[in-house]
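Shown below: query.csv, with CSV, C-alpha atoms.
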chain,number,residue,atom,x,y,z
S,77,MET,CA,12.3,25.9,22.1
S,78,LYS,CA,13.4,24.3,18.8
S,79,GLY,CA,16.9,25.6,19.3
S,80,ILE,CA,17.0,24.2,22.9
S,81,LEU,CA,15.9,20.8,21.7
S,82,LYS,CA,18.4,20.8,18.9
S,83,THR,CA,21.2,21.7,21.3
S,84,LYS,CA,20.2,18.9,23.7
S,85,GLY,CA,20.0,16.5,20.8
S,86,ILE,CA,23.5,17.4,19.7
S,87,ARG,CA,24.9,16.8,23.3
S,88,THR,CA,23.0,13.6,23.6
S,89,ALA,CA,24.5,12.4,20.3
S,90,LEU,CA,27.9,13.3,21.5
S,91,LEU,CA,27.4,11.3,24.7
S,92,ILE,CA,26.1,8.3,22.7
S,93,PHE,CA,29.2,8.6,20.4
S,94,LEU,CA,31.6,8.5,23.4
S,95,VAL,CA,30.0,5.2,24.5
S,96,VAL,CA,29.9,3.7,21.1
S,97,ALA,CA,33.3,4.9,20.1
S,98,GLY,CA,34.9,3.2,23.1
S,99,LYS,CA,33.5,-0.1,21.8
S,100,THR,CA,34.1,0.2,18.1
S,101,CYS,CA,37.3,2.3,17.8
S,102,GLY,CA,40.5,1.1,19.2
S,103,GLN,CA,44.2,1.4,19.4
S,104,SER,CA,45.9,-1.0,16.9
S,105,LYS,CA,49.5,-0.8,18.2
S,106,THR,CA,52.2,1.3,19.8
S,107,ILE,CA,55.3,2.3,17.9
S,108,ASN,CA,58.5,3.7,19.2
S,109,ILE,CA,59.4,7.0,17.4
S,110,TRP,CA,63.1,6.6,17.6
S,111,ASP,CA,64.9,3.8,15.8
S,112,LYS,CA,68.1,4.2,17.7
S,113,LYS,CA,69.1,6.2,20.8
S,114,VAL,CA,66.8,9.0,21.8
S,115,PRO,CA,68.7,12.2,21.0
S,116,GLY,CA,70.1,14.1,23.9
S,117,ALA,CA,69.1,11.3,26.3
S,118,ILE,CA,70.8,10.8,29.6
S,119,ALA,CA,70.6,7.4,31.2
S,120,ASN,CA,69.0,7.4,34.6
S,121,ALA,CA,68.0,4.1,36.2
S,122,ASP,CA,66.1,5.8,38.9
S,123,TYR,CA,63.8,7.6,36.5
S,124,LYS,CA,60.8,5.3,36.0
S,125,GLU,CA,57.7,5.8,33.9
S,126,THR,CA,54.4,5.8,35.8
S,127,ASN,CA,50.9,5.5,34.4
S,128,SER,CA,47.9,6.0,36.7
S,129,ASP,CA,44.8,4.1,35.6
S,130,ASP,CA,45.7,4.7,32.0
S,131,SER,CA,44.8,8.3,32.4
S,132,TRP,CA,47.8,10.2,33.7
S,133,MET,CA,51.4,9.5,32.7
S,134,ARG,CA,54.7,10.8,34.0
S,135,ARG,CA,58.4,10.3,33.4
S,136,VAL,CA,58.4,9.1,29.8
S,137,THR,CA,61.8,8.0,28.6
S,138,ASN,CA,60.7,6.0,25.6
S,139,PRO,CA,58.7,8.3,23.3
S,140,ARG,CA,56.1,6.6,21.3
S,141,LEU,CA,52.9,6.8,19.3
S,142,ASP,CA,49.7,5.0,20.1
S,143,VAL,CA,48.0,4.3,16.7
S,144,TYR,CA,44.3,4.6,16.2
S,145,PRO,CA,43.4,3.8,12.6
S,146,ALA,CA,40.3,5.4,11.1
S,147,PRO,CA,37.6,2.8,10.3
S,148,ALA,CA,38.1,1.7,6.7
S,149,GLU,CA,34.5,2.7,5.7
S,150,LYS,CA,35.0,6.2,7.1
S,151,ALA,CA,38.7,6.9,6.4
S,152,THR,CA,39.3,10.3,4.8
S,153,GLY,CA,43.1,10.2,4.5
S,154,ALA,CA,43.5,12.8,7.2
S,155,ALA,CA,45.6,12.2,10.3
S,156,VAL,CA,46.1,14.0,13.6
S,157,ILE,CA,48.9,13.6,16.1
S,158,ILE,CA,47.6,14.4,19.6
S,159,CYS,CA,49.8,16.0,22.3
S,160,PRO,CA,48.0,15.6,25.7
S,161,GLY,CA,48.4,18.4,28.3
S,162,GLY,CA,49.7,18.3,31.8
S,163,GLY,CA,51.8,21.4,32.5
S,164,TYR,CA,54.9,19.7,31.1
S,165,SER,CA,55.0,17.6,34.3
S,166,GLY,CA,52.6,14.9,33.2
S,167,MET,CA,50.2,13.9,30.4
S,168,ALA,CA,46.4,13.5,30.6
S,169,ILE,CA,46.5,10.6,28.2
S,170,GLY,CA,42.9,9.6,29.0
S,171,HIS,CA,40.5,12.5,28.3
S,172,GLU,CA,43.1,14.5,26.2
S,173,GLY,CA,44.5,11.4,24.4
S,174,LYS,CA,42.5,8.2,24.0
S,175,GLN,CA,39.1,9.8,24.1
S,176,VAL,CA,40.1,12.4,21.6
S,177,ALA,CA,41.6,9.7,19.3
S,178,GLN,CA,38.3,7.8,19.3
S,179,TRP,CA,36.4,11.0,18.5
S,180,LEU,CA,38.7,11.7,15.6
S,181,ASN,CA,38.2,8.1,14.4
S,182,SER,CA,34.5,8.8,14.2
S,183,LEU,CA,35.2,11.6,11.7
S,184,GLY,CA,37.3,9.3,9.6
S,185,ILE,CA,40.6,10.6,10.8
S,186,THR,CA,43.5,8.3,11.8
S,187,ALA,CA,44.8,9.5,15.2
S,188,PHE,CA,48.1,9.1,17.0
S,189,VAL,CA,48.6,9.9,20.7
S,190,LEU,CA,52.1,11.1,21.2
S,191,LYS,CA,53.6,10.1,24.5
S,192,TYR,CA,56.5,12.6,24.5
S,193,ARG,CA,59.3,13.1,27.0
S,194,LEU,CA,58.5,15.7,29.6
S,195,PRO,CA,61.3,18.2,30.2
S,196,ASP,CA,63.7,17.1,32.9
S,197,ASN,CA,67.4,17.8,33.3
S,198,THR,CA,68.0,14.4,34.8
S,199,ILE,CA,67.2,12.5,31.5
S,200,MET,CA,68.0,15.0,28.7
S,201,ALA,CA,70.9,17.3,27.7
S,202,ASP,CA,68.6,20.2,26.9
S,203,LYS,CA,65.1,19.9,28.4
S,204,SER,CA,63.8,22.9,26.5
S,205,ILE,CA,63.9,21.0,23.2
S,206,GLY,CA,63.2,17.4,24.4
S,207,PRO,CA,59.5,17.6,23.6
S,208,MET,CA,60.1,19.3,20.3
S,209,GLN,CA,62.5,16.6,19.2
S,210,ASP,CA,59.9,14.0,19.9
S,211,GLY,CA,57.2,16.0,18.1
S,212,GLN,CA,59.2,16.7,15.0
S,213,ARG,CA,60.2,13.1,14.8
S,214,ALA,CA,56.5,12.0,15.2
S,215,ILE,CA,55.4,14.2,12.3
S,216,ARG,CA,58.2,12.9,10.1
S,217,LEU,CA,57.5,9.3,11.0
S,218,VAL,CA,53.7,9.6,10.2
S,219,ARG,CA,54.4,11.4,7.0
S,220,SER,CA,57.1,8.9,5.8
S,221,ARG,CA,54.8,6.0,6.5
S,222,ALA,CA,51.6,7.7,5.3
S,223,LYS,CA,51.0,5.1,2.6
S,224,GLU,CA,51.1,2.3,5.1
S,225,TRP,CA,48.3,3.9,7.1
S,226,GLY,CA,46.3,5.1,4.2
S,227,ILE,CA,47.1,8.7,5.0
S,228,ASP,CA,47.4,11.7,2.7
S,229,PRO,CA,50.8,13.2,3.5
S,230,LYS,CA,49.4,16.6,2.9
S,231,LYS,CA,46.6,16.2,5.5
S,232,ILE,CA,48.6,15.6,8.7
S,233,GLY,CA,47.7,17.9,11.6
S,234,ILE,CA,49.0,18.4,15.1
S,235,MET,CA,46.7,18.8,18.1
S,236,GLY,CA,47.5,19.9,21.6
S,237,PHE,CA,45.7,20.5,24.9
S,238,SER,CA,47.1,23.0,27.5
S,239,ALA,CA,50.9,22.5,27.6
S,240,GLY,CA,50.4,20.0,24.8
S,241,GLY,CA,49.0,23.0,22.9
S,242,HIS,CA,52.3,24.7,23.6
S,243,LEU,CA,54.2,21.8,22.0
S,244,ALA,CA,51.7,21.8,19.1
S,245,SER,CA,52.2,25.5,18.5
S,246,THR,CA,55.9,25.2,18.8
S,247,LEU,CA,55.9,22.4,16.2
S,248,SER,CA,53.8,24.7,14.0
S,249,THR,CA,56.2,27.6,14.2
S,250,HIS,CA,59.6,25.8,14.5
S,251,PHE,CA,59.1,22.9,12.2
S,252,ASN,CA,62.3,23.9,10.3
S,253,ALA,CA,64.4,24.1,13.5
S,254,LYS,CA,67.2,21.6,13.6
S,255,VAL,CA,66.9,20.1,17.0
S,256,TYR,CA,68.4,16.7,16.3
S,257,ASP,CA,70.8,15.1,13.9
S,258,ASP,CA,68.9,13.2,11.2
S,259,ALA,CA,69.4,12.5,7.5
S,260,ASP,CA,65.7,12.3,7.0
S,261,ALA,CA,64.6,15.1,4.7
S,262,THR,CA,60.9,14.5,5.4
S,263,SER,CA,59.1,17.7,6.3
S,264,ALA,CA,58.1,18.2,9.9
S,265,ARG,CA,55.6,20.9,9.1
S,266,PRO,CA,52.0,20.1,10.2
S,267,ASP,CA,49.4,20.9,7.6
S,268,PHE,CA,47.0,22.3,10.2
S,269,SER,CA,46.9,22.6,14.0
S,270,LEU,CA,44.1,22.2,16.5
S,271,LEU,CA,44.9,24.1,19.7
S,272,ILE,CA,42.5,23.5,22.7
S,273,TYR,CA,42.9,25.8,25.7
S,274,PRO,CA,46.6,26.0,24.7
S,275,VAL,CA,49.6,27.5,26.5
S,276,ILE,CA,51.1,29.5,23.6
S,277,SER,CA,53.3,32.1,25.3
S,278,MET,CA,56.2,32.0,27.7
S,279,ARG,CA,55.8,35.7,28.5
S,280,GLU,CA,55.4,36.2,32.2
S,281,ASP,CA,52.2,38.3,32.0
S,282,ILE,CA,50.1,35.6,30.2
S,283,THR,CA,51.9,32.3,30.4
S,284,HIS,CA,51.1,29.3,32.6
S,285,MET,CA,54.0,29.6,35.0
S,286,GLY,CA,54.2,25.9,35.8
S,287,SER,CA,54.6,25.0,32.2
S,288,ARG,CA,57.2,27.7,31.7
S,289,ILE,CA,59.3,26.7,34.7
S,290,ASN,CA,59.2,23.0,33.7
S,291,LEU,CA,60.3,23.7,30.2
S,292,LEU,CA,62.7,26.6,30.6
S,293,GLY,CA,63.7,26.7,34.3
S,294,GLU,CA,63.3,29.3,36.9
S,295,LYS,CA,65.2,32.1,35.1
S,296,PRO,CA,65.0,31.7,31.3
S,297,SER,CA,66.8,34.2,29.1
S,298,SER,CA,64.8,36.8,27.2
S,299,GLU,CA,65.8,34.9,24.0
S,300,GLN,CA,64.4,31.7,25.3
S,301,VAL,CA,61.1,33.3,26.3
S,302,SER,CA,60.8,34.9,22.9
S,303,TYR,CA,61.7,31.7,21.0
S,304,PHE,CA,59.2,29.6,22.9
S,305,SER,CA,56.4,32.2,22.7
S,306,GLY,CA,54.4,31.0,19.7
S,307,GLU,CA,52.6,34.3,19.1
S,308,LEU,CA,56.0,35.9,18.5
S,309,GLN,CA,57.2,33.2,16.0
S,310,VAL,CA,54.3,33.0,13.5
S,311,ASN,CA,55.3,33.7,9.9
S,312,SER,CA,53.8,33.2,6.4
S,313,GLU,CA,54.6,29.4,6.6
S,314,THR,CA,52.8,28.8,9.8
S,315,PRO,CA,49.9,26.3,9.3
S,316,THR,CA,46.2,27.2,9.6
S,317,ALA,CA,44.8,26.7,13.0
S,318,PHE,CA,41.5,26.1,15.0
S,319,LEU,CA,41.6,27.4,18.5
S,320,VAL,CA,39.4,26.9,21.6
S,321,HIS,CA,39.5,28.7,24.9
S,322,SER,CA,37.3,29.7,27.8
S,323,MET,CA,37.1,33.3,29.1
S,324,ASP,CA,37.2,32.0,32.7
S,325,ASP,CA,40.2,29.8,32.3
S,326,GLY,CA,42.0,30.2,35.6
S,327,ALA,CA,45.1,28.2,34.6
S,328,VAL,CA,46.0,29.4,31.1
S,329,PRO,CA,44.8,32.9,30.3
S,330,VAL,CA,42.6,33.3,27.2
S,331,GLU,CA,45.1,35.8,25.9
S,332,ASN,CA,47.3,32.9,24.8
S,333,SER,CA,44.8,31.9,22.1
S,334,ILE,CA,43.8,35.5,21.2
S,335,GLU,CA,47.4,36.6,20.6
S,336,TYR,CA,48.2,33.6,18.5
S,337,ALA,CA,45.1,34.1,16.4
S,338,LEU,CA,46.0,37.8,15.9
S,339,ALA,CA,49.5,36.8,14.9
S,340,LEU,CA,48.1,34.4,12.3
S,341,LYS,CA,45.7,37.2,11.1
S,342,LYS,CA,48.7,39.6,10.8
S,343,ASN,CA,50.5,37.0,8.6
S,344,LYS,CA,47.4,36.3,6.5
S,345,ILE,CA,47.1,32.8,7.8
S,346,PRO,CA,43.5,31.5,8.0
S,347,CYS,CA,42.4,30.6,11.5
S,348,GLU,CA,39.3,30.1,13.6
S,349,LEU,CA,39.0,31.0,17.3
S,350,HIS,CA,36.2,30.0,19.6
S,351,ILE,CA,36.0,31.7,23.0
S,352,TYR,CA,33.5,30.5,25.4
S,353,GLU,CA,32.2,32.4,28.4
S,354,LYS,CA,32.7,29.6,30.8
S,355,GLY,CA,34.3,26.2,31.0
S,356,GLY,CA,37.5,26.8,32.9
S,357,HIS,CA,40.4,24.5,31.9
S,358,GLY,CA,41.1,20.9,31.1
S,359,TYR,CA,37.6,19.8,30.0
S,360,GLY,CA,38.7,17.6,27.1
S,361,LEU,CA,35.7,16.9,24.8
S,362,GLY,CA,33.5,18.5,27.4
S,363,LYS,CA,31.0,16.9,29.8
S,364,SER,CA,29.4,19.9,31.6
S,365,GLY,CA,26.6,20.6,29.2
S,366,GLY,CA,27.9,24.1,28.9
S,367,THR,CA,28.6,25.8,25.6
S,368,GLU,CA,32.2,24.8,25.7
S,369,SER,CA,31.1,21.2,25.4
S,370,ASP,CA,30.2,21.9,21.8
S,371,TRP,CA,33.7,22.8,20.6
S,372,SER,CA,34.2,19.4,19.0
S,373,LEU,CA,31.2,20.0,16.8
S,374,ALA,CA,32.5,23.3,15.6
S,375,CYS,CA,35.9,21.7,15.0
S,376,GLY,CA,34.3,19.0,12.9
S,377,ARG,CA,32.6,21.6,10.8
S,378,TRP,CA,35.9,23.5,10.4
S,379,LEU,CA,37.7,20.3,9.3
S,380,LYS,CA,35.0,19.7,6.7
S,381,ALA,CA,35.2,23.3,5.4
S,382,LYS,CA,38.9,22.8,5.0
S,383,GLY,CA,38.4,19.7,2.9
S,384,LEU,CA,40.1,17.5,5.5
S,385,ILE,CA,37.1,15.3,6.1
S,386,ASN,CA,34.0,14.4,4.1
Using the file provided, produce a representation of the structure as structure tokens.
Amino acid sequence: MKGILKTKGIRTALLIFLVVAGKTCGQSKTINIWDKKVPGAIANADYKETNSDDSWMRRVTNPRLDVYPAPAEKATGAAVIICPGGGYSGMAIGHEGKQVAQWLNSLGITAFVLKYRLPDNTIMADKSIGPMQDGQRAIRLVRSRAKEWGIDPKKIGIMGFSAGGHLASTLSTHFNAKVYDDADATSARPDFSLLIYPVISMREDITHMGSRINLLGEKPSSEQVSYFSGELQVNSETPTAFLVHSMDDGAVPVENSIEYALALKKNKIPCELHIYEKGGHGYGLGKSGGTESDWSLACGRWLKAKGLIN
């Protein structure tokens, strides 16, 4: 009985936090991530950005970061760049963006919601690297301006949900890839990654096919499939990771997280993987009251154990 009451208390506290955070934590500003022309961009006057009720975004042509500074009295120096999911066809900027940023603020973490370009041949020369270009640039920008935001440049993480998790894992494994011309020598390597029900692989047997088609097209080469399958690209420099998945995920098979975790283990990279019996897909911070709704509590403990928060 005590355990049940404790669990209910934790969930009640999380719900109270979500209400309070919405009132006390807020976005300070939005910054464009490219100073000049977006690399590989193709002008298309008919391609217009849409934003449905500030929760679902499509057709981004101007990549940017929404900045959510940690409250001064809680700031730990850690920062996380969030990549919302949406199958590489849209972005769930509400429950996988703003709400998550507010939760990170409550832990003393400065958060950035990345509104990245979604792969589309009509606006970019190579759609397979468009999101990665924006992600690398975002990490470099946050790290180069760390002092301005009170951030420790060695405590900058990347976080991704679903297809945003694919982008986050790609940035974790291909941070040295030269995908745009830039004289900036700032490292694009995340110091840690938080991957929540992520698409990791482009292999046909376990991928989310919609994300694969949107990123690589209908008939990608075997080289493309391998390059963009994170579990095949892990090496000794890949950052530590915290992963979450549900066994009954009908959109992105749980094998994505399992195989990435095993690849990290093989390369002696510390990681933590939480697999829940139920939860399905796309639950954000969790509202069902099921066990998957507690993943953020486990994540907070992991961040603390890693010395990233107090």
Sorted per-residue table, region 188-306 of chain S near region 173-176 of chain S, closest atoms and distance, 9 Å, only C-alpha atoms, as CSV:
residue,atom,partner,partner_atom,distance
S:Phe188,CA,S:Gly173,CA,8.5
S:Val189,CA,S:Gly173,CA,5.7
S:Leu190,CA,S:Gly173,CA,8.3
Interatomic distance, CA of Ile109 (chain S) to CA of Arg140 (chain S) (Å, one decimal):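 Distance between the two atoms: 5.1 Å.
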If you count only C-alpha atoms, the residue of S:Phe318, S:Leu243, S:Phe251, S:Ile272 closest to Ser305 (chain S) turns out to be S:Leu243
Please list as a PDB file with C-alpha atoms, in the coordinates of the input every residue within 9 Å of region 179-187 of chain S, counting all atoms listed in the file and excluding residues in the same chain fewer than 3 positions away.
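The resulting file, selection.pdb, is shown below:
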ATOM      1  CA  PHE S  93      29.200   8.600  20.400  1.00  0.00           C
ATOM      2  CA  LEU S  94      31.600   8.500  23.400  1.00  0.00           C
ATOM      3  CA  ALA S  97      33.300   4.900  20.100  1.00  0.00           C
ATOM      4  CA  CYS S 101      37.300   2.300  17.800  1.00  0.00           C
ATOM      5  CA  GLY S 102      40.500   1.100  19.200  1.00  0.00           C
ATOM      6  CA  ASP S 142      49.700   5.000  20.100  1.00  0.00           C
ATOM      7  CA  VAL S 143      48.000   4.300  16.700  1.00  0.00           C
ATOM      8  CA  TYR S 144      44.300   4.600  16.200  1.00  0.00           C
ATOM      9  CA  PRO S 145      43.400   3.800  12.600  1.00  0.00           C
ATOM     10  CA  ALA S 146      40.300   5.400  11.100  1.00  0.00           C
ATOM     11  CA  PRO S 147      37.600   2.800  10.300  1.00  0.00           C
ATOM     12  CA  ALA S 148      38.100   1.700   6.700  1.00  0.00           C
ATOM     13  CA  GLU S 149      34.500   2.700   5.700  1.00  0.00           C
ATOM     14  CA  LYS S 150      35.000   6.200   7.100  1.00  0.00           C
ATOM     15  CA  ALA S 151      38.700   6.900   6.400  1.00  0.00           C
ATOM     16  CA  THR S 152      39.300  10.300   4.800  1.00  0.00           C
ATOM     17  CA  GLY S 153      43.100  10.200   4.500  1.00  0.00           C
ATOM     18  CA  ALA S 154      43.500  12.800   7.200  1.00  0.00           C
ATOM     19  CA  ALA S 155      45.600  12.200  10.300  1.00  0.00           C
ATOM     20  CA  VAL S 156      46.100  14.000  13.600  1.00  0.00           C
ATOM     21  CA  ILE S 157      48.900  13.600  16.100  1.00  0.00           C
ATOM     22  CA  ILE S 158      47.600  14.400  19.600  1.00  0.00           C
ATOM     23  CA  LYS S 174      42.500   8.200  24.000  1.00  0.00           C
ATOM     24  CA  GLN S 175      39.100   9.800  24.100  1.00  0.00           C
ATOM     25  CA  VAL S 176      40.100  12.400  21.600  1.00  0.00           C
ATOM     26  CA  TRP S 225      48.300   3.900   7.100  1.00  0.00           C
ATOM     27  CA  GLY S 226      46.300   5.100   4.200  1.00  0.00           C
ATOM     28  CA  ILE S 227      47.100   8.700   5.000  1.00  0.00           C
ATOM     29  CA  LEU S 361      35.700  16.900  24.800  1.00  0.00           C
ATOM     30  CA  SER S 372      34.200  19.400  19.000  1.00  0.00           C
ATOM     31  CA  GLY S 376      34.300  19.000  12.900  1.00  0.00           C
ATOM     32  CA  LEU S 384      40.100  17.500   5.500  1.00  0.00           C
ATOM     33  CA  ILE S 385      37.100  15.300   6.100  1.00  0.00           C
ATOM     34  CA  ASN S 386      34.000  14.400   4.100  1.00  0.00           C
TER      35      ASN S 386
END
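Remark: for His284 (chain S), the closest of the candidate residues S:Tyr256, S:Tyr359, S:Tyr336, S:Tyr164 is S:Tyr164 (distances computed over only C-alpha atoms).
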Could you check which residues have any atom within 8 Å of (63.1, 21.0, 31.2), counting all atoms listed in the file with coordinates taken straight from the file, and then list them as a list in words?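 Checked against the point, the hits come out as Leu194, Pro195, Asp196, Asn197, Asp202, Lys203, Ser204, Gly206, Ile289, Asn290, Leu291, Leu292 and Gly293 of chain S.
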Please write as a CSV table (one decimal) with C-alpha atoms, in the coordinates of the input the list of polymer residues whose atoms come within 12 Å of (56.5, 8.8, 12.2), counting only C-alpha atoms and keeping to the coordinates of the file.
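So the final result, stored in out_34.csv, reads:
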chain,number,residue,atom,x,y,z
S,106,THR,CA,52.2,1.3,19.8
S,107,ILE,CA,55.3,2.3,17.9
S,108,ASN,CA,58.5,3.7,19.2
S,109,ILE,CA,59.4,7.0,17.4
S,110,TRP,CA,63.1,6.6,17.6
S,111,ASP,CA,64.9,3.8,15.8
S,139,PRO,CA,58.7,8.3,23.3
S,140,ARG,CA,56.1,6.6,21.3
S,141,LEU,CA,52.9,6.8,19.3
S,142,ASP,CA,49.7,5.0,20.1
S,143,VAL,CA,48.0,4.3,16.7
S,155,ALA,CA,45.6,12.2,10.3
S,156,VAL,CA,46.1,14.0,13.6
S,157,ILE,CA,48.9,13.6,16.1
S,188,PHE,CA,48.1,9.1,17.0
S,189,VAL,CA,48.6,9.9,20.7
S,190,LEU,CA,52.1,11.1,21.2
S,210,ASP,CA,59.9,14.0,19.9
S,211,GLY,CA,57.2,16.0,18.1
S,212,GLN,CA,59.2,16.7,15.0
S,213,ARG,CA,60.2,13.1,14.8
S,214,ALA,CA,56.5,12.0,15.2
S,215,ILE,CA,55.4,14.2,12.3
S,216,ARG,CA,58.2,12.9,10.1
S,217,LEU,CA,57.5,9.3,11.0
S,218,VAL,CA,53.7,9.6,10.2
S,219,ARG,CA,54.4,11.4,7.0
S,220,SER,CA,57.1,8.9,5.8
S,221,ARG,CA,54.8,6.0,6.5
S,222,ALA,CA,51.6,7.7,5.3
S,223,LYS,CA,51.0,5.1,2.6
S,224,GLU,CA,51.1,2.3,5.1
S,225,TRP,CA,48.3,3.9,7.1
S,227,ILE,CA,47.1,8.7,5.0
S,229,PRO,CA,50.8,13.2,3.5
S,232,ILE,CA,48.6,15.6,8.7
S,260,ASP,CA,65.7,12.3,7.0
S,262,THR,CA,60.9,14.5,5.4
S,263,SER,CA,59.1,17.7,6.3
S,264,ALA,CA,58.1,18.2,9.9
Could you jot down the CA of Asn343 (chain S) to CA of Gly360 (chain S) separation for me, Å, one decimal place? 29.3 Å
Taking only C-alpha atoms into account, which of S:Glu307, S:Glu353, S:Glu294, S:Asp228 comes nearest Ser333 (chain S)?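 The answer is S:Glu307, which sits nearest to Ser333 (chain S).
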Suppose you want the space between CA of Ala168 (chain S) and CA of Ser297 (chain S); what is it in Å? 29.1 Å
Distance criterion (only C-alpha atoms): nearest to Leu349 (chain S) out of S:Trp132, S:Trp371, S:Phe237, S:Phe304: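 Between S:Trp132, S:Trp371, S:Phe237, S:Phe304, the residue approaching Leu349 (chain S) most closely is S:Trp371.
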Identify, on the basis of all atoms listed in the file, every residue whose closest approach to Leu338 (chain S) does not exceed 12 Å; exclude the query and any residue fewer than 2 positions from it along the same chain; express the result as a list in words.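 My reading of the contact set: Gly306, Glu307, Leu308, Val310, Asn311, Ala317, Leu319, Glu331, Asn332, Ser333, Ile334, Glu335, Tyr336, Leu340, Lys341, Lys342, Asn343, Lys344, Ile345, Pro346, Cys347, Glu348 and Leu349 of chain S.
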Could you save the residues just selected, with C-alpha atoms, as a PDB file, in the frame of the given file?
ATOM      1  CA  GLY S 306      54.400  31.000  19.700  1.00  0.00           C
ATOM      2  CA  GLU S 307      52.600  34.300  19.100  1.00  0.00           C
ATOM      3  CA  LEU S 308      56.000  35.900  18.500  1.00  0.00           C
ATOM      4  CA  VAL S 310      54.300  33.000  13.500  1.00  0.00           C
ATOM      5  CA  ASN S 311      55.300  33.700   9.900  1.00  0.00           C
ATOM      6  CA  ALA S 317      44.800  26.700  13.000  1.00  0.00           C
ATOM      7  CA  LEU S 319      41.600  27.400  18.500  1.00  0.00           C
ATOM      8  CA  GLU S 331      45.100  35.800  25.900  1.00  0.00           C
ATOM      9  CA  ASN S 332      47.300  32.900  24.800  1.00  0.00           C
ATOM     10  CA  SER S 333      44.800  31.900  22.100  1.00  0.00           C
ATOM     11  CA  ILE S 334      43.800  35.500  21.200  1.00  0.00           C
ATOM     12  CA  GLU S 335      47.400  36.600  20.600  1.00  0.00           C
ATOM     13  CA  TYR S 336      48.200  33.600  18.500  1.00  0.00           C
ATOM     14  CA  LEU S 340      48.100  34.400  12.300  1.00  0.00           C
ATOM     15  CA  LYS S 341      45.700  37.200  11.100  1.00  0.00           C
ATOM     16  CA  LYS S 342      48.700  39.600  10.800  1.00  0.00           C
ATOM     17  CA  ASN S 343      50.500  37.000   8.600  1.00  0.00           C
ATOM     18  CA  LYS S 344      47.400  36.300   6.500  1.00  0.00           C
ATOM     19  CA  ILE S 345      47.100  32.800   7.800  1.00  0.00           C
ATOM     20  CA  PRO S 346      43.500  31.500   8.000  1.00  0.00           C
ATOM     21  CA  CYS S 347      42.400  30.600  11.500  1.00  0.00           C
ATOM     22  CA  GLU S 348      39.300  30.100  13.600  1.00  0.00           C
ATOM     23  CA  LEU S 349      39.000  31.000  17.300  1.00  0.00           C
TER      24      LEU S 349
END
Residue with smallest distance to Asp122 (chain S) - pool S:Thr316, S:Thr246, S:Thr198, S:Asn252, counting all atoms listed in the file: S:Thr198
